[in-house]
Amino acid sequence: LPAAVKDNLADVIRYELDRFTPFSHDEALYDFSIFGEKDEKLLVSLSVAREGQFAPYVASLSEKGIKVKRITAETVCLAALCRYMTDGADTVCLSIMKDEFTGCGTVRGVVVSPFTGDLVRENGENNGTLLAGEITPLIETMAAYSIEPRLTVVGDDTMETGLDEQVPVPAVRVTSDAIRDRLNAPGQDLPVTTAGAVVEDLWDKAVTINLLSKGGMAKKKIPLLVTVFLVFVILG
């Protein structure tokens, strides 16, 4: 988008949403973050989902007296967790759980190029090639922004992927025990997405989104005790 629209960016995205995505403003939940300017253009990360996808869950919680104040995305939670566990550095993030993987890159804390897919447990070499195909372009993107390329892999899955031999940077591995220790939650069942949602909500360096805001730029932190998180996967 032209840098000249920066002061009115929320209005521009509202009126142009159906050009950027399959959804109109009225049928979508969305939010955005600016992660830079280049050649008089704004670099914007846009997260969007169909409102009807969440309406049954929001209604069900409302019937129980629980008001949903924020809807976020799985990759945003993952990015917050990876940066929190690596001292705030931008990184390529990867989470492997069972036979599925989710990942993204971050530029100035903002999620870029999210991806997700399936792995084949019996074929480590092909898995490594598949993951490297997603990760290597993100490493190159980060280098273009003068960000030291790094890869953070979260979780305990020991599936053989051959990834270390196929990506140009070493992987920093973050285990569930390390996450529990950092969050002072020993012995707790703390899935990656849940841990990331907590970090996104409470860590002052996290870049947050709230799809319920429909592009509202206010990024106020919501007290954890009154927060219910609905997390979704953005398919790249």
# chains A, B, ... in the order shown; residues from 1 in each chain; ligands from 1

$ residues_around --residues "stretch 15-29 of chain A" --least-positions-apart "2" --cutoff "12 Å" --atoms "only C-alpha atoms" --output "JSON, numbers by chain"
{"A": [1, 8, 9, 10, 11, 12, 13, 31, 32, 44, 45, 46, 47, 48, 49, 50, 51, 52, 53, 54, 55, 70, 71, 72, 73, 209, 210, 211, 212, 213, 214, 215, 216, 232]}

$ write_last_selection --atoms "N, CA and C atoms" --output "mmCIF file, in the first residue's frame"
data_model
loop_
_atom_site.group_PDB
_atom_site.id
_atom_site.type_symbol
_atom_site.label_atom_id
_atom_site.label_comp_id
_atom_site.auth_asym_id
_atom_site.auth_seq_id
_atom_site.Cartn_x
_atom_site.Cartn_y
_atom_site.Cartn_z
ATOM 1 N N LEU A 1 0.839 -1.193 0.000
ATOM 2 C CA LEU A 1 0.000 0.000 0.000
ATOM 3 C C LEU A 1 0.878 1.248 0.000
ATOM 4 N N ASN A 8 -4.544 6.848 7.425
ATOM 5 C CA ASN A 8 -5.919 6.383 7.220
ATOM 6 C C ASN A 8 -5.950 4.899 6.849
ATOM 7 N N LEU A 9 -4.945 4.169 7.299
ATOM 8 C CA LEU A 9 -4.787 2.786 6.848
ATOM 9 C C LEU A 9 -5.975 1.909 7.233
ATOM 10 N N ALA A 10 -6.505 2.094 8.439
ATOM 11 C CA ALA A 10 -7.642 1.280 8.869
ATOM 12 C C ALA A 10 -8.833 1.463 7.929
ATOM 13 N N ASP A 11 -9.089 2.700 7.501
ATOM 14 C CA ASP A 11 -10.200 2.962 6.585
ATOM 15 C C ASP A 11 -9.926 2.367 5.210
ATOM 16 N N VAL A 12 -8.675 2.469 4.750
ATOM 17 C CA VAL A 12 -8.328 1.919 3.437
ATOM 18 C C VAL A 12 -8.531 0.412 3.419
ATOM 19 N N ILE A 13 -8.061 -0.270 4.452
ATOM 20 C CA ILE A 13 -8.219 -1.727 4.504
ATOM 21 C C ILE A 13 -9.692 -2.096 4.609
ATOM 22 N N ASP A 31 -7.495 -8.085 11.384
ATOM 23 C CA ASP A 31 -6.627 -7.105 12.016
ATOM 24 C C ASP A 31 -5.355 -7.031 11.183
ATOM 25 N N PHE A 32 -4.560 -6.015 11.405
ATOM 26 C CA PHE A 32 -3.342 -5.841 10.620
ATOM 27 C C PHE A 32 -2.250 -5.224 11.472
ATOM 28 N N VAL A 44 2.533 -4.404 5.160
ATOM 29 C CA VAL A 44 1.442 -4.683 6.095
ATOM 30 C C VAL A 44 1.166 -6.180 6.142
ATOM 31 N N SER A 45 1.030 -6.707 7.347
ATOM 32 C CA SER A 45 0.594 -8.086 7.540
ATOM 33 C C SER A 45 -0.886 -8.068 7.911
ATOM 34 N N LEU A 46 -1.715 -8.744 7.124
ATOM 35 C CA LEU A 46 -3.169 -8.750 7.312
ATOM 36 C C LEU A 46 -3.627 -10.148 7.706
ATOM 37 N N SER A 47 -4.321 -10.247 8.832
ATOM 38 C CA SER A 47 -4.894 -11.514 9.297
ATOM 39 C C SER A 47 -6.401 -11.427 9.167
ATOM 40 N N VAL A 48 -7.018 -12.428 8.562
ATOM 41 C CA VAL A 48 -8.449 -12.343 8.274
ATOM 42 C C VAL A 48 -9.084 -13.726 8.320
ATOM 43 N N ALA A 49 -10.344 -13.775 8.749
ATOM 44 C CA ALA A 49 -11.119 -15.011 8.762
ATOM 45 C C ALA A 49 -12.591 -14.659 8.601
ATOM 46 N N ARG A 50 -13.358 -15.634 8.152
ATOM 47 C CA ARG A 50 -14.798 -15.416 8.024
ATOM 48 C C ARG A 50 -15.443 -15.375 9.409
ATOM 49 N N GLU A 51 -16.255 -14.356 9.652
ATOM 50 C CA GLU A 51 -16.868 -14.181 10.970
ATOM 51 C C GLU A 51 -17.723 -15.377 11.365
ATOM 52 N N GLY A 52 -18.414 -15.952 10.384
ATOM 53 C CA GLY A 52 -19.277 -17.086 10.681
ATOM 54 C C GLY A 52 -18.539 -18.294 11.203
ATOM 55 N N GLN A 53 -17.236 -18.362 10.962
ATOM 56 C CA GLN A 53 -16.422 -19.470 11.447
ATOM 57 C C GLN A 53 -16.382 -19.509 12.972
ATOM 58 N N PHE A 54 -16.483 -18.327 13.591
ATOM 59 C CA PHE A 54 -16.343 -18.229 15.047
ATOM 60 C C PHE A 54 -17.660 -17.980 15.760
ATOM 61 N N ALA A 55 -18.686 -17.574 15.031
ATOM 62 C CA ALA A 55 -19.947 -17.189 15.661
ATOM 63 C C ALA A 55 -20.512 -18.259 16.595
ATOM 64 N N ARG A 70 -11.131 -11.185 22.644
ATOM 65 C CA ARG A 70 -10.078 -11.180 21.626
ATOM 66 C C ARG A 70 -10.026 -12.517 20.912
ATOM 67 N N ILE A 71 -9.865 -12.479 19.616
ATOM 68 C CA ILE A 71 -9.600 -13.667 18.808
ATOM 69 C C ILE A 71 -8.262 -13.449 18.125
ATOM 70 N N THR A 72 -7.375 -14.408 18.297
ATOM 71 C CA THR A 72 -6.049 -14.286 17.729
ATOM 72 C C THR A 72 -5.802 -15.444 16.762
ATOM 73 N N ALA A 73 -4.575 -15.595 16.301
ATOM 74 C CA ALA A 73 -4.230 -16.631 15.335
ATOM 75 C C ALA A 73 -3.120 -17.507 15.884
ATOM 76 N N ILE A 209 -2.601 -9.291 17.803
ATOM 77 C CA ILE A 209 -3.723 -8.992 16.915
ATOM 78 C C ILE A 209 -5.015 -9.315 17.656
ATOM 79 N N ASN A 210 -6.099 -8.711 17.193
ATOM 80 C CA ASN A 210 -7.430 -9.023 17.699
ATOM 81 C C ASN A 210 -8.387 -8.932 16.524
ATOM 82 N N LEU A 211 -8.779 -10.074 16.010
ATOM 83 C CA LEU A 211 -9.649 -10.086 14.834
ATOM 84 C C LEU A 211 -10.993 -9.422 15.112
ATOM 85 N N LEU A 212 -11.411 -9.413 16.378
ATOM 86 C CA LEU A 212 -12.674 -8.756 16.711
ATOM 87 C C LEU A 212 -12.610 -7.251 16.513
ATOM 88 N N SER A 213 -11.399 -6.709 16.462
ATOM 89 C CA SER A 213 -11.259 -5.256 16.330
ATOM 90 C C SER A 213 -11.563 -4.766 14.920
ATOM 91 N N LYS A 214 -11.550 -5.685 13.954
ATOM 92 C CA LYS A 214 -11.746 -5.317 12.547
ATOM 93 C C LYS A 214 -10.828 -4.159 12.142
ATOM 94 N N GLY A 215 -9.574 -4.333 12.472
ATOM 95 C CA GLY A 215 -8.592 -3.339 12.060
ATOM 96 C C GLY A 215 -8.383 -2.212 13.030
ATOM 97 N N GLY A 216 -9.018 -2.269 14.206
ATOM 98 C CA GLY A 216 -8.780 -1.233 15.196
ATOM 99 C C GLY A 216 -7.329 -1.251 15.622
ATOM 100 N N PHE A 232 -6.991 -19.561 15.835
ATOM 101 C CA PHE A 232 -7.232 -20.246 14.585
ATOM 102 C C PHE A 232 -5.952 -20.288 13.776
#

$ select_by_dssp --residues "chain A" --states "strand (DSSP E)" --output "PyMOL selection string"
chain A and resi 28-38+41-50+70-73+92-97+100-107+110-118+151-154+171-174+229-232

$ closest_residue --among "A:Asp164, A:Thr152, A:Ser113, A:Met97" --to "A:Tyr84" --atoms "only C-alpha atoms"
A:Thr152

$ select_by_dssp --residues "stretch 89-140 of chain A" --states "alpha helix (DSSP H)" --output "MDAnalysis selection string"
chainID A and resid 124:140

$ residues_around --residues "A:Gln166" --least-positions-apart "5" --cutoff "12 Å" --atoms "only C-alpha atoms" --output "PyMOL selection string"
chain A and resi 124-136+161+171

$ atom_distance --atom1 "atom CA of A:Asp90" --atom2 "atom CA of A:Gln188"
27.4 Å

$ residues_around --residues "A:Gly36" --least-positions-apart "2" --cutoff "10 Å" --atoms "only C-alpha atoms" --output "ChimeraX atom specification"
/A:3,33-34,38,41-45,107-108,110,145

$ residues_around --residues "A:Glu148" --least-positions-apart "5" --cutoff "10 Å" --atoms "only C-alpha atoms" --output "VMD selection string"
chain A and resid 89 to 91 139 to 140 142 to 143 169

$ atom_distance --atom1 "atom CA of A:Asp204" --atom2 "atom CA of A:Phe115"
25.4 Å

$ closest_residue --among "A:Cys82, A:Cys104, A:Val111, A:Leu151" --to "A:Pro170" --atoms "only C-alpha atoms"
A:Leu151

$ residues_around --residues "A:Asp156" --least-positions-apart "4" --cutoff "9 Å" --atoms "only C-alpha atoms" --output "list in words"
Ile96, Met97, Arg173, Val174, Thr175, Ser176 and Asp177 of chain A

$ closest_residue --among "A:Gly109, A:Leu81, A:Asp99, A:Leu94" --to "A:Arg180" --atoms "only C-alpha atoms"
A:Leu81

$ closest_residue --among "A:Tyr57, A:Pro137, A:Thr208, A:Arg150" --to "A:Cys93" --atoms "only C-alpha atoms"
A:Arg150

$ closest_residue --among "A:Ala185, A:Gly103, A:Val172, A:Val92" --to "A:Thr141" --atoms "only C-alpha atoms"
A:Val92
